[in-house]
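Engineer: Please find one structure pasted underneath; my questions will follow.
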Amino acid sequence: MPSDANKKPAAAIDTKAASPARNAPINLRLSADDKIGLFRTMVRIRRFEERALRAYQAKKIGGFLHLYIGQEAVAVGCCSLMGKNDHVITAYRDHGHAISVGMGLNEQMAELYGKATGCSKGKGGSMHFFAPDRNYWGGHGIVGGQIPLGTGLAYALKYQGLKGAAMAFMGDGAVNQGAVHEAYNLAALWQLPVVFVIENNGYSMGTSQSRSSAGALSKRAEGYDMLWGQCEAHDIYQVRATMDEFLHRAREESKPSVVELDTYRYRGHSVADPDNTYRAKAEVEEYRRTKDPIQVYQKSLLAEGVLTDAVVEQIDQAARAEADAAAEFAEASPFPTPDDIQKDVYWEADNPAERKSQGRLFFD
Ligand SMILES: Cc1ncc(C[n+]2csc(CCOP(=O)(O)OP(=O)(O)O)c2C)c(N)n1
Ligand SMILES: [Mg+2]
């Protein structure tokens, strides 16, 4: 979604119409409670991130903080399709995916605060949320670095004869990394059950897609004989309808694919980066007015008779309270000790009795 001065102003979100994609087969299977659950998760992501931003401004959080606000329909839509053997890996803008796979807000906020009760014991921070028990493999800071790892998750599924799929998320800026293309090549060559998901929010830091990338991003899959798809991803129903098809092909036929989900971020690249130099305020405002994913879904659910204004208010208040409680939990938690710094670096160093390799460990 790069700036385009000639674009006609889009209509505001239609308050009466339900999304047409609600009738895709995968969405017809959703009960009213399922639909409300997805809505609640989107709201919880937004309120968590707003609370985290306030904590950062109050200097409770150090290092980086890359907010997901505006992109909620992507993580929630994709992760809502996960089955037992499906896996997720993403980059540093990773809070939305973590909440979508079911991680609690306490362990996430504590991680942001660098506390020992955090999901990575306070040693990872914002960019390194992990929950292997939920098939969530992080949280990676090297642009594109998670994509070969995600391909490895798919390789493991195939090797073990399991029916599942790996979703490897990346930004629009990551698509030009060599490692991404090496991963595409192996995934296609070995027909691995992976869906490479490009979360195209229009910018890599301050560089718009039109200034950095040639051609259509997902169509590059054709060079590797892979399936590909693309959709506007402010509508969670659309995200689910599009992703369902490619996840199905991965699980059932072991077919890899590249899917571009067009979205937008409202905040700066990270909260330390100023957001006033590379895009017009009006562009952000127009997206918010016409395509805000929470508003779009809320209007659809109101039109479908699934939600009422009172329930919307209740969900919002509960999400705010939950985020506040997470901040209190983080505040009250202890920091890791200096002794903890060498733990959890190498599994073998922490578990010498179960070690199978030979030789001296770096951390001995
Ligand atoms: C290999 C590498 N090069 C550069 C950076 C610095 N860097 C961090 S984020 C980023 C932009 C990536 O943008 P995109 O892939 O679109 O993801 P988004 O931030 O939009 O989610 C860059 C260049 C890095 N972390 N790793
Ligand atoms: Mg981007």
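Just remember, in the structure tokens the first chain shown is A, the second B, etc., residues are 1-based per chain, and ligands are 1-based in the order shown.
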Can you tell me, as a list of chain:residue names, what residues are no more than 10 Å from Arg51 (chain A) when counting only C-alpha atoms, ignoring any on the same chain fewer than 4 positions away?
Structural biologist: A:Ile45, A:Arg46, A:Arg47, A:Ala55, A:Tyr56, A:Gln57, A:Met109, A:Arg320, A:Glu322, A:Ala323, A:Asp324, A:Ala326, A:Ala327
Engineer: As number ranges by chain, please: every protein or nucleic acid residue near ligand 2 (cut-off 9 Å, counting only C-alpha atoms and all ligand atoms).
Structural biologist: A: 170-174, 198-205, 207-209, 264-265, 269
Engineer: Using Å and a single decimal, report how far CA of Ile26 (chain A) sits from CA of Glu313 (chain A).
Structural biologist: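 Between CA of Glu313 (chain A) and CA of Ile26 (chain A) the gap is 27.5 Å.
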Engineer: Leaving out Ala183 (chain A) and any residue of its chain fewer than 3 positions from it, which residues lie within 9 Å of it when counting only C-alpha atoms, given as a compact mmCIF listing (two decimals) with C-alpha atoms, in the first residue's frame?
Structural biologist:
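The file below, out-v7.txt, is the result:
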# COMPACT_ATOMS: atom_id res chain seq x y z
CA ILE A 147 12.28 -18.34 6.62
CA PRO A 148 14.87 -21.14 6.29
CA LEU A 149 13.94 -22.16 9.85
CA GLY A 150 10.26 -22.32 8.89
CA THR A 151 11.24 -24.43 5.91
CA GLY A 152 13.00 -26.72 8.38
CA GLY A 178 18.92 -14.32 -0.45
CA ALA A 179 18.04 -16.76 2.33
CA VAL A 180 14.35 -16.42 1.43
CA LEU A 186 14.46 -26.14 -1.29
CA ALA A 187 10.78 -26.02 -0.37
CA ALA A 188 9.85 -26.42 -4.03
Engineer: Apply DSSP to the backbone of this structure and, from region 62-258 of chain A, keep only the residues in strand (DSSP E); write these as a ChimeraX atom specification.
Structural biologist: /A:87-89,166-171,194-200,203-204,207-208,227-232,257-258
Engineer: According to DSSP computed on the backbone, where in region 11-48 of chain A is there helix (DSSP H, G or I)? Give the residues as a PyMOL selection string.
Structural biologist: chain A and resi 20-23+25-28+32-48
Engineer: Which is closest to Thr90 (chain A) among A:His128, A:Arg251, A:Lys291, A:Arg267, if we use only C-alpha atoms?
Structural biologist: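 Using only C-alpha atoms, the shortest distance to Thr90 (chain A) belongs to A:His128.
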Engineer: Would you mind telling me which residue in A:Tyr224, A:Asp350, A:Gly96, A:Thr41 lies nearest to Asp316 (chain A) when using only C-alpha atoms?
Structural biologist: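 For Asp316 (chain A), the nearest of the candidates is A:Thr41.
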Engineer: I'd like the neighbourhood of Thr263 (chain A) as a PyMOL selection string, where a residue qualifies if any of its atoms comes within 10 Å (using only C-alpha atoms), though same-chain residues fewer than 3 positions away should be ignored.
Structural biologist: chain A and resi 1+70-74+198-202+231-235+260+287+291-293
Engineer: Would you mind exporting N, CA and C atoms of the selected residues as a JSON list (two decimals), in the first residue's frame?
Structural biologist:
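Output contents, as saved in out.json:
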[["chain", "number", "residue", "atom", "x", "y", "z"],
["A", 1, "MET", "N", 0.83, -1.22, 0.00],
["A", 1, "MET", "CA", 0.00, 0.00, 0.00],
["A", 1, "MET", "C", 0.86, 1.26, 0.00],
["A", 70, "GLY", "N", -2.95, -2.57, 13.47],
["A", 70, "GLY", "CA", -3.36, -2.41, 12.07],
["A", 70, "GLY", "C", -3.30, -3.73, 11.31],
["A", 71, "GLN", "N", -2.49, -4.66, 11.80],
["A", 71, "GLN", "CA", -2.29, -5.92, 11.07],
["A", 71, "GLN", "C", -3.02, -7.11, 11.71],
["A", 72, "GLU", "N", -3.86, -6.84, 12.69],
["A", 72, "GLU", "CA", -4.41, -7.91, 13.54],
["A", 72, "GLU", "C", -5.13, -9.03, 12.78],
["A", 73, "ALA", "N", -5.80, -8.68, 11.68],
["A", 73, "ALA", "CA", -6.59, -9.71, 10.97],
["A", 73, "ALA", "C", -5.68, -10.80, 10.40],
["A", 74, "VAL", "N", -4.41, -10.45, 10.15],
["A", 74, "VAL", "CA", -3.51, -11.43, 9.54],
["A", 74, "VAL", "C", -3.19, -12.55, 10.53],
["A", 198, "ILE", "N", 3.70, -13.58, 3.21],
["A", 198, "ILE", "CA", 4.28, -12.23, 3.17],
["A", 198, "ILE", "C", 3.24, -11.27, 3.75],
["A", 199, "GLU", "N", 3.56, -10.71, 4.91],
["A", 199, "GLU", "CA", 2.67, -9.70, 5.50],
["A", 199, "GLU", "C", 3.09, -8.36, 4.91],
["A", 200, "ASN", "N", 2.41, -7.98, 3.84],
["A", 200, "ASN", "CA", 2.82, -6.77, 3.13],
["A", 200, "ASN", "C", 2.14, -5.54, 3.74],
["A", 201, "ASN", "N", 2.88, -4.85, 4.62],
["A", 201, "ASN", "CA", 2.31, -3.63, 5.21],
["A", 201, "ASN", "C", 2.80, -2.39, 4.47],
["A", 202, "GLY", "N", 3.38, -2.60, 3.30],
["A", 202, "GLY", "CA", 3.73, -1.48, 2.42],
["A", 202, "GLY", "C", 5.10, -0.90, 2.65],
["A", 231, "CYS", "N", -4.20, -11.57, -1.20],
["A", 231, "CYS", "CA", -5.50, -10.96, -0.91],
["A", 231, "CYS", "C", -5.35, -9.74, -0.03],
["A", 232, "GLU", "N", -6.40, -8.94, 0.00],
["A", 232, "GLU", "CA", -6.44, -7.81, 0.93],
["A", 232, "GLU", "C", -6.73, -8.40, 2.30],
["A", 233, "ALA", "N", -5.91, -8.03, 3.27],
["A", 233, "ALA", "CA", -5.96, -8.76, 4.53],
["A", 233, "ALA", "C", -6.49, -7.93, 5.70],
["A", 234, "HIS", "N", -7.29, -6.90, 5.39],
["A", 234, "HIS", "CA", -7.92, -6.18, 6.50],
["A", 234, "HIS", "C", -9.21, -6.89, 6.90],
["A", 235, "ASP", "N", -9.65, -7.83, 6.08],
["A", 235, "ASP", "CA", -10.90, -8.57, 6.32],
["A", 235, "ASP", "C", -10.51, -9.99, 6.76],
["A", 260, "GLU", "N", 0.69, -13.62, -0.36],
["A", 260, "GLU", "CA", 0.87, -12.22, 0.06],
["A", 260, "GLU", "C", -0.42, -11.72, 0.68],
["A", 287, "TYR", "N", -6.43, 4.68, 5.76],
["A", 287, "TYR", "CA", -6.52, 3.24, 6.02],
["A", 287, "TYR", "C", -7.37, 2.98, 7.25],
["A", 291, "LYS", "N", -10.33, 0.82, 6.29],
["A", 291, "LYS", "CA", -9.97, -0.60, 6.32],
["A", 291, "LYS", "C", -9.52, -1.11, 7.68],
["A", 292, "ASP", "N", -9.74, -0.36, 8.72],
["A", 292, "ASP", "CA", -9.28, -0.85, 10.02],
["A", 292, "ASP", "C", -9.83, -2.26, 10.26],
["A", 293, "PRO", "N", -8.95, -3.26, 10.46],
["A", 293, "PRO", "CA", -9.41, -4.66, 10.50],
["A", 293, "PRO", "C", -10.39, -4.95, 11.64]]
Engineer: Which one is closest to Asp94 (chain A): A:Gln146, A:Thr337, A:Gln160, A:Asn23? Count only C-alpha atoms.
Structural biologist: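 Going through A:Gln146, A:Thr337, A:Gln160, A:Asn23 one by one, the smallest distance to Asp94 (chain A) is for A:Gln146.
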Engineer: Using only C-alpha atoms, determine which residues lie at most 8 Å from Ser333 (chain A), disregarding the query and same-chain residues fewer than 5 positions distant; provide the list as a VMD selection string.
Structural biologist: chain A and resid 110 115 to 117
Engineer: Pick out the residues sitting within 12 Å of Pro20 (chain A), and hand them over as a list in words; count only C-alpha atoms, and ignore anything fewer than 5 positions along from it in its own chain.
Structural biologist: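 The neighbour list is Pro25, Asn27, Leu28, Asp235, Ile236, Tyr237, Gln238, Ala241, Val296, Tyr297, Ser300, Leu301, Ala303 and Glu304 of chain A.
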Engineer: Could you list, as a PyMOL selection string, every residue within 8 Å of Asn135 (chain A), counting only C-alpha atoms and ignoring same-chain residues fewer than 6 positions away?
Structural biologist: chain A and resi 85-88
Engineer: Dump N, CA and C atoms for the selected residues as a CSV table (one decimal), in the first residue's frame?
Structural biologist:
chain,number,residue,atom,x,y,z
A,85,ASN,N,-0.8,-30.3,14.1
A,85,ASN,CA,0.5,-30.4,13.5
A,85,ASN,C,0.9,-29.2,12.7
A,86,ASP,N,0.2,-28.1,12.9
A,86,ASP,CA,0.6,-26.8,12.2
A,86,ASP,C,1.5,-26.0,13.0
A,87,HIS,N,2.5,-25.3,12.4
A,87,HIS,CA,3.5,-24.6,13.1
A,87,HIS,C,3.6,-23.1,12.6
A,88,VAL,N,4.1,-22.2,13.5
A,88,VAL,CA,4.2,-20.8,13.1
A,88,VAL,C,5.6,-20.3,13.5
Engineer: So, with only C-alpha atoms and all ligand atoms as the atoms that count, which of A:Arg93, A:Arg44, A:Lys84, A:Lys59 lies closest to ligand 1?
Structural biologist: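 Of A:Arg93, A:Arg44, A:Lys84, A:Lys59, the one nearest ligand 1 is A:Arg93, counting only C-alpha atoms and all ligand atoms.
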Engineer: Kindly indicate which residue among A:Ala216, A:Val143, A:Val43, A:Leu307 lies nearest to ligand 1, using only C-alpha atoms and all ligand atoms for the distances.
Structural biologist: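 So, comparing all the options, the nearest one is A:Val143.
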Engineer: For the atom pair CA of Phe196 (chain A) and CA of Glu107 (chain A), what is the interatomic distance in Å to one decimal place?
Structural biologist: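 CA of Glu107 (chain A) lies 27.5 Å from CA of Phe196 (chain A).
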Engineer: Between A:Val345, A:Ala318, A:Ala221, A:Leu192, which has the minimum distance to Val175 (chain A) (counting only C-alpha atoms)?
Structural biologist: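 Smallest distance to Val175 (chain A) is found for A:Ala221.
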